[in-house]
Structure formats: C-alpha cells, structure tokens
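One structure below.
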Amino acid sequence: MSSPEESTTLAKPRSLAADAWYDLRRSPIFWIASIIVVALVGIAAFPGLFTSADPKACSLDFRFAGPGPEAPFGYDVQGCNVYARTMYGARSSIEVGLFATLMAGTIAFALGMAAGFYGRWIDTLLSRSLDVIASIPLLLAAIVLLKRLSATGGSTGVWSVAFTLGVLGWPVAARVVRSSVISAKQQDYVQAARMLGAGNGRIMLRHILPNAMAPAIVVLTIMLGTVIATEATLSFLGIGLQPPAISWGGSINDNSAYVRTAAGPLLWPAGFLAVTVLAFIMLGDAIRDAFDPRMR
Amino acid sequence: MTDIQIQLDRVADDAHLLDVRDLFIEFHTRDGIAKVINGVSYHLDAGEALAVLGESGSGKSVTAQAIMGILDIPPGKIVSGQICYNGRDLLSLPEKERRQVRGKEIAMVFQDALSALNPVFPVGWQISETLRHREGVARADALRRAVELMELVRIPAAKQRLRDYPHEFSGGMRQRVMIAMSLALSPKILIADEPTTALDVTVQAQVMDLLAELRRELHMAMILITHDLGVVADVADRIAVMYAGRIVEHADVHDLYAVQGHPYTKGLIDSIPRLDHKGQELATIQGLPPSLMDIPRGCPFHPRCPYRKDPICSTQVPTDQRLASGTRTSRCHFAKEVLDGTAA
C-alpha cells in the first residue's frame, strides 16, 4: 500500500486541457484577445451599463452632429447616437457570429469526422452533399432560406440569421476536419490504440479529434469574423436583421453612403467589428497553439 | 459454446497458446491482387519466443496485423485460414469479442514509437488510459500503475517523466514507453514488430535485452518480427523464416544458426558481415524478392536459388520437408541435401 506522502508526490496528471491552460496563461496574445472578447461580451450582455442614451431615440436635428457628452462618437445620418448604437449593436452581431460559428462547427466536426473516419460510401455521400451545399451561392441560399423562415411565421431575427449562416457555412470547416481526420487516422498511434482494444468512439474522440482539431479551429475563428460581416451584407439586402433591430452590420450599411460627409458613423461600428474579428482570430490562434504540445 | 466443445477444441488444437493455421491473405490493389500471405502456419506456446524473420514484403508484419485484427480490410482480405488463441478462432469472433482479446491477451509493440504514441497526450496518460477504460481502474491508481510499468521497462525517474510528452523522450526511451503501454493489461503474448529498426545500434541492444528480460520476468510468450538476424539469437527460442508469404524454414534458433535447411536461410546467414572475413567481398543473394502480384511458378525462390534443379524447382511448389531434429522443417525440394551440405 502506498503511503499518503507517496500519493501526494505522485505527479498530478497533466491533461491536455490543463496543459493548454498552463500555456495560455503565459501567452500575452491570449490575454489581450480574452480581455477584448470579455469586454465585448459584457457590452453585448449589458449595453445599458455602457450608455444611458437610447439608441432608438433618433432625431434629424442631430444629423451628423459632432460628439457631445451623451454621444462621444457623434451622430449619424438619421441623427442617432453612434456610441449608443454601437454598444447596442454588439449584442446581435456577436450573437449571430457566435451561434452561426458554433452551429457550423458542430455540423462540420460531426460530419467531417464521420466522413473521414468511416470513409467509403459514407465519405462519398457526405462529401458530395457537402459539395452541393458549398456550390450554392451564399447570398442566393440565404435569401431563399430567410424568406422561407420569415414566411413560416418566424421573424428575421438574430436566430434565423445565425441559423441560416450556420447551415450554409459549415462545408469549408467540414472539408478541413475531414482531411485532417484522414491524415490522423493513418497514424500509428491510432493503430496502437486499436491494438490495445479501444473502440471506434474512443479512437475518434480521444486519439483522432485532438490531433485533427487545430486546422478546423483556425477556419472557424476566421469564419466567425466573416459571419459578422456577412450579416451586414444580408441586412443591406433587406433580408438580414431589419430595423428596428440594431447591429454593426446595419449601422455600417446605413452610413456607408455618407462616408465622405461624415466618416465617424461608419468607422466606429466598423472599427468595433474589426477589433472583434481580430480578437476572436487571435483567441483561436492562441488556443490552437496551446492545444498542440509540439508547438511548445 | 458448451464446456465439452471448448475442451474438444483445445484438444484438437494441441493446446498451443496461439496457432496460426494455413493463413492466406491477399491485398486487392488497383494494379491487381497481391498474394501477400500464402499458407502461413506457426504456433506459439505459453512463455515461448518465436522470431519471424524475413525481408521487407515477405509478409511477416501482415501476419502479425492479422493476429491483432488491425489489418486494413479492404484492401486486405483474409482468404482462408485460422488464427486460434486458446482454442478459439479469432478470425470468426465478432468484433466486440475480438476487442477483448486485443491488449489483454495479445499486445503489440510497433516499429516506430514516435508515431505510435499520441503526440498530444503525456505518456503517463497514454499508459494509464488503457487501464482506466479497459479495467475501470481509478485515475490515481492507473497513474501509479503507469509509474510501475515505466519502472518495469527501466525508464529512469519514471515518476517525473510521467507528465512528459512523447516528443520529449529519446528514441530508446520512447520505445520503452511503447513497450510499457503494451504491457499495461499483462498480455499473454507480446508481438514485437521490428521493435529496434528505428533505433541506433547501441540502443537496439538495450531494447532487445529489455524484451528478453521482460519475457522471463512476466512469463510472456513473444513473437519477434525482424529482418535482422543479429538481434534474434539471444531472445528467441525458435525462428520461422519467411519468403514471399510462406514460411520457408522453421527451426530452433541454435540449430538454424549452426546449419541451414533452406537455400534462402543459408543465403541470409552467409550474407552477415563477419569480422574474420575482413577484406573479402560480402556475400549476397542474387536477384530481388519476387513481386507479390506475380509470384514465380514452382518454388518462389527458384530464380534466385544457387541449388535449383530444373524442371522440378520451376514447376513444383515444395511442401514442408520434416528434417531430422524434431520440429525442424524446410520448404525445399532438396532440404536434406542443403542441410547436409551435399547439395550441388
């Protein structure tokens, strides 16, 4: 029997996650990105804490008016408070970005893993349906889907936009997952795990997934940025989030025509969008590096 | 299955721990069918060590993969034959029961430990994982057991190294980790598939010594697959020499080194460089191993054989010739002559 001293000196198991966390804590990029993301999520969750102004109280009297105490970013073409609208717009933009990416990621990992691991007819079937979905022009498909969703009673709110972008956005990530699963599957350690009696589920989750995750995480973080931008395009075409909903994409579109008259109302939400996308990409990058012990 | 049936099976089986019988394996490729294994039979008793010797493509690793059940099917196809473990034919077991045999009854050490260890997990985790999920051992106990296993394979400072990743180990230490991992469930048979090929010469000797010691300490049976005649002499009891998917000669280690009963084995032994033959040209076997898509008619070795006698060698496939001492066999029409040194 081992003495208590012995069990305390026995090295604590380093799990992949614990090691990754150990690494992340030492990465300045991770901290910068996390602080930005946390701040943005805070803004998205409680915009009222950051501004007392009403983003919907617009008056043409203030059209393109300069910054004031209530409106540090000035006023836009409709005389709305740009600061207030930027704070309140964070929520829908981040929600759309996160949910669409999570959804695309889930589908991509499930189907990409199945296609890559089982191969043969499952792979053919999944890969070809993936090609079909990837070949549909995004905007065309989004128009059809969102029209359909709003026609069946749902409004074109955050959820339907996120759903649409998630459903249409997964093929790229799924392809990446599939190819990295195929290359991980052929590694000897998968054979070794099978040799020790591991079943398919264990092999997929424990041995293939951690080794095949990195490229897909990068693709998904980049996707998160493009989703937020695409949401803006959809709003511009009149099928995304519609007024009175407030989003960065909407604000960018409303003010893009007046960039020569007043750049502020365009640049502030665009700047927030850029910083958000950058923060998520940096976060994804740091996480990917931390989960790969060979990068240490 | 009833007890009586099991007993009958065992009796029929001659009570060998592992019995590979008349195994035929093909690979279906774009270019045609490669006949990789053409009637391989060998057996292994508890605690015994068998070396399977042959050059690349002779089918030694494929046989091992078939025993483990990790052969890729397709393109591989087991055409016929039996692999009996304790009297049960593994090839006819459902996958679920097959999985129970893997690791616990028969385990395998791979050639290249760096690629056989999962790069994203510390070695302690990998060794203990099998214990946790197969035996339901609690995490802390499994790790303690992992330390014991690492000490068993003589990894210095095992406790500290538990948390290191495979790439932080040297080649020899990695192979030890691989061995520790395969020993986790105390298998009855350990298949070592060219365990020293990826290592440099001094480390090779250490790993072979370790395997020999482990076999004695744990009373394990061992199948040692190698193309290196030098490494098997001290470890194995018997040697099976493979050529073109067949076992061409099978003998006790010391008998085989002393005198060979098959021209191929003779060629192999003669081609070992020797210090006392300094300055002489190295002996070689002429020609190349046959393509498995197109194995020569008759004896597959006849185009390269210095003793060939036409037409018999190029038309008739030789069968196993039983040679004087007990279990010794050779697949050569002139086995006795080759053994006695009277073949021309």
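Letters A, B, ... go to the chains of the structure tokens in the order shown; residues in each chain start at 1; ligands are counted from 1 in the same order.
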
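Every chain B residue lying within 6 Å of chain A, based on only C-alpha atoms, is listed here: Arg99, Arg102, Gly103, Ser115, Ala116, Leu117, Asn118, Val120 and Arg163 of chain B.
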
Written selection (N, CA and C atoms) as a PDB file, in the first residue's frame:
ATOM      1  N   ARG B  99     -12.148  -7.402 -29.639  1.00  0.00           N
ATOM      2  CA  ARG B  99     -11.558  -6.257 -28.956  1.00  0.00           C
ATOM      3  C   ARG B  99     -11.096  -6.625 -27.553  1.00  0.00           C
ATOM      4  N   ARG B 102      -7.627  -8.057 -27.736  1.00  0.00           N
ATOM      5  CA  ARG B 102      -6.555  -7.099 -28.011  1.00  0.00           C
ATOM      6  C   ARG B 102      -6.067  -6.440 -26.739  1.00  0.00           C
ATOM      7  N   GLY B 103      -4.773  -6.354 -26.600  1.00  0.00           N
ATOM      8  CA  GLY B 103      -4.216  -5.660 -25.448  1.00  0.00           C
ATOM      9  C   GLY B 103      -4.192  -6.527 -24.215  1.00  0.00           C
ATOM     10  N   SER B 115       5.738   7.619 -33.816  1.00  0.00           N
ATOM     11  CA  SER B 115       4.443   7.761 -34.474  1.00  0.00           C
ATOM     12  C   SER B 115       3.387   6.880 -33.822  1.00  0.00           C
ATOM     13  N   ALA B 116       3.815   5.920 -33.010  1.00  0.00           N
ATOM     14  CA  ALA B 116       2.828   5.047 -32.377  1.00  0.00           C
ATOM     15  C   ALA B 116       2.324   5.609 -31.048  1.00  0.00           C
ATOM     16  N   LEU B 117       2.919   6.709 -30.611  1.00  0.00           N
ATOM     17  CA  LEU B 117       2.427   7.349 -29.395  1.00  0.00           C
ATOM     18  C   LEU B 117       1.676   8.614 -29.807  1.00  0.00           C
ATOM     19  N   ASN B 118       0.561   8.853 -29.154  1.00  0.00           N
ATOM     20  CA  ASN B 118      -0.251  10.013 -29.498  1.00  0.00           C
ATOM     21  C   ASN B 118       0.471  11.283 -29.066  1.00  0.00           C
ATOM     22  N   VAL B 120      -0.315  14.326 -28.606  1.00  0.00           N
ATOM     23  CA  VAL B 120      -0.931  15.373 -27.787  1.00  0.00           C
ATOM     24  C   VAL B 120      -1.179  14.950 -26.342  1.00  0.00           C
ATOM     25  N   ARG B 163       4.677  12.981 -16.825  1.00  0.00           N
ATOM     26  CA  ARG B 163       3.954  14.093 -17.428  1.00  0.00           C
ATOM     27  C   ARG B 163       4.605  14.600 -18.699  1.00  0.00           C
TER      28      ARG B 163
END

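The neighbours of range 261-278 of chain B here are the residues that come within 9 Å of it, using only C-alpha atoms and leaving out any residue fewer than 6 positions away in the same chain; they are Leu229, Gly230, Val241, Tyr243, Val248, Glu249, His250, Ala251, Thr284, Ile285, Phe301, Arg304, Cys305, Pro306, Tyr307, Leu323, Arg328, Thr329, Ser330, Arg331, Cys332, Phe334, Ala335, Lys336, Glu337, Val338, Leu339 and Asp340 of chain B.
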
message: Which residues are close to Ser186 in chain B, i.e. within 8 Å by only C-alpha atoms, leaving aside same-chain residues fewer than 3 positions away? Reply as an MDAnalysis selection string.
response: chainID B and resid 103:105 182:183

Would you mind exporting N, CA and C atoms of the selected residues as a PDB file, in the first residue's frame?
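File produced: selection.pdb:
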ATOM      1  N   GLY B 103      -4.773  -6.354 -26.600  1.00  0.00           N
ATOM      2  CA  GLY B 103      -4.216  -5.660 -25.448  1.00  0.00           C
ATOM      3  C   GLY B 103      -4.192  -6.527 -24.215  1.00  0.00           C
ATOM      4  N   LYS B 104      -5.287  -7.223 -23.950  1.00  0.00           N
ATOM      5  CA  LYS B 104      -5.369  -8.008 -22.729  1.00  0.00           C
ATOM      6  C   LYS B 104      -4.749  -9.391 -22.900  1.00  0.00           C
ATOM      7  N   GLU B 105      -4.966  -9.996 -24.054  1.00  0.00           N
ATOM      8  CA  GLU B 105      -4.396 -11.318 -24.315  1.00  0.00           C
ATOM      9  C   GLU B 105      -3.163 -11.209 -25.205  1.00  0.00           C
ATOM     10  N   SER B 182       2.061  -1.470 -24.038  1.00  0.00           N
ATOM     11  CA  SER B 182       1.518  -2.769 -24.458  1.00  0.00           C
ATOM     12  C   SER B 182       1.457  -3.745 -23.300  1.00  0.00           C
ATOM     13  N   LEU B 183       2.282  -3.491 -22.250  1.00  0.00           N
ATOM     14  CA  LEU B 183       2.269  -4.422 -21.114  1.00  0.00           C
ATOM     15  C   LEU B 183       1.184  -4.083 -20.099  1.00  0.00           C
TER      16      LEU B 183
END

Counting only C-alpha atoms, what is within 9 Å of range 313-315 of chain B, bar same-chain residues fewer than 6 positions away, as a PDB file with C-alpha atoms, in the first residue's frame?
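Generated output (result_23.pdb):
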ATOM      1  CA  PRO B 296       7.148 -17.380 -59.744  1.00  0.00           C
ATOM      2  CA  ARG B 297       5.703 -20.776 -60.534  1.00  0.00           C
ATOM      3  CA  GLY B 298       7.090 -23.699 -58.605  1.00  0.00           C
ATOM      4  CA  CYS B 299       9.302 -22.746 -55.712  1.00  0.00           C
ATOM      5  CA  PRO B 300       9.072 -18.952 -55.329  1.00  0.00           C
ATOM      6  CA  PHE B 301      12.770 -18.796 -54.527  1.00  0.00           C
ATOM      7  CA  HIS B 302      13.944 -20.790 -57.567  1.00  0.00           C
ATOM      8  CA  PRO B 303      15.010 -17.826 -59.767  1.00  0.00           C
ATOM      9  CA  CYS B 332      12.783 -27.017 -50.324  1.00  0.00           C
ATOM     10  CA  HIS B 333      12.830 -29.993 -52.677  1.00  0.00           C
TER      11      HIS B 333
END

- request: Write out as a list in words the residues lying within 10 Å of Ala65 in chain A, counting only C-alpha atoms and excluding same-chain residues fewer than 6 positions away.
  value: Ala71, Phe73, Gly74, Tyr75, Asp76, Val77, Gly79, Cys80, Asn81 and Ala262 of chain A

Spatial neighbours of range 235-239 of chain A, max dist 7 Å, only C-alpha atoms, sep filter under 6 positions, as a PyMOL selection string: chain A and resi 143+146+249-250+253

Quick one: write out the picked residues with C-alpha atoms as a PDB file, in the first residue's frame?
ATOM      1  CA  ILE A 143     -32.316  34.891 -49.408  1.00  0.00           C
ATOM      2  CA  LEU A 146     -34.505  33.655 -44.696  1.00  0.00           C
ATOM      3  CA  GLY A 249     -23.633  45.495 -39.971  1.00  0.00           C
ATOM      4  CA  GLY A 250     -26.797  47.558 -40.207  1.00  0.00           C
ATOM      5  CA  ASN A 253     -24.660  49.921 -44.298  1.00  0.00           C
TER       6      ASN A 253
END

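Using only C-alpha atoms, the shortest contact distance between Leu44 in chain B and any of B:Val153, B:Leu190, B:Leu162, B:Leu114 is found at B:Leu190.
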
message: Neighbouring residues of range 159-175 of chain A were defined as those with any atom within 8 Å, considering only C-alpha atoms; residues of the same chain fewer than 6 positions away were excluded. Please report them as a PyMOL selection string.
response: chain A and resi 95-97+99-105+107-109+111-112+127+130-131+133-134+138+141-142+145-146+149+216+219-220+223+227+231+240-241

Export C-alpha atoms of the chosen residues as a compact mmCIF listing (two decimals), in the first residue's frame?
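Output below, filename part_20.txt:
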# COMPACT_ATOMS: atom_id res chain seq x y z
CA GLU A 95 -24.79 36.56 -31.13
CA VAL A 96 -25.02 36.00 -34.86
CA GLY A 97 -21.28 35.42 -35.08
CA PHE A 99 -24.17 30.99 -32.83
CA ALA A 100 -23.57 30.64 -36.54
CA THR A 101 -19.98 29.57 -35.90
CA LEU A 102 -20.93 27.16 -33.13
CA MET A 103 -23.55 25.61 -35.32
CA ALA A 104 -21.27 25.37 -38.34
CA GLY A 105 -18.53 23.96 -36.11
CA ILE A 107 -22.03 20.17 -38.03
CA ALA A 108 -18.55 20.34 -39.51
CA PHE A 109 -16.96 18.25 -36.76
CA LEU A 111 -19.92 15.16 -40.48
CA GLY A 112 -16.25 15.74 -41.24
CA SER A 127 -18.57 14.75 -49.32
CA LEU A 130 -21.10 18.95 -48.81
CA ASP A 131 -20.07 19.89 -52.35
CA ILE A 133 -24.21 22.86 -50.32
CA ALA A 134 -20.87 24.58 -50.90
CA LEU A 138 -24.32 32.03 -50.21
CA ALA A 141 -29.35 30.47 -50.50
CA ALA A 142 -29.58 32.94 -47.63
CA LEU A 145 -33.83 30.40 -46.51
CA LEU A 146 -34.50 33.65 -44.70
CA LEU A 149 -38.13 31.32 -42.32
CA ALA A 216 -10.60 23.49 -38.09
CA VAL A 219 -11.03 28.06 -40.06
CA LEU A 220 -13.85 28.54 -37.57
CA MET A 223 -15.44 32.21 -40.13
CA VAL A 227 -20.18 35.71 -40.44
CA GLU A 231 -24.77 39.52 -41.52
CA GLY A 240 -30.87 40.11 -42.59
CA LEU A 241 -31.64 41.89 -39.37

task: Identify all residues of range 60-265 of chain A in alpha helix (DSSP H) (DSSP on the backbone) and supply them as a VMD selection string.
output: chain A and resid 82 to 118 120 to 135 138 to 151 158 to 185 188 to 195 200 to 202 209 to 236 248 to 256 264 to 265

query: Given the choices A:Lys147, A:Gly42, A:Thr124, A:Tyr88, which gets closest to Asp54 in chain A if the distance is worked out from only C-alpha atoms?
result: A:Tyr88

- prompt: Looking at A:Met87, A:Leu266, A:Ile287, A:Ile182, which one is nearest to Arg120 in chain A, with distances taken over only C-alpha atoms?
  reply: A:Ile182

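The smallest atom-to-atom distance between Gly341 in chain B and any of B:Gly54, B:Asp209, B:Thr196, B:Gln260, using only C-alpha atoms, is found for B:Gln260.
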
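The spacing separating CA of Arg238 in chain B from CA of Phe24 in chain B amounts to 22.3 Å.
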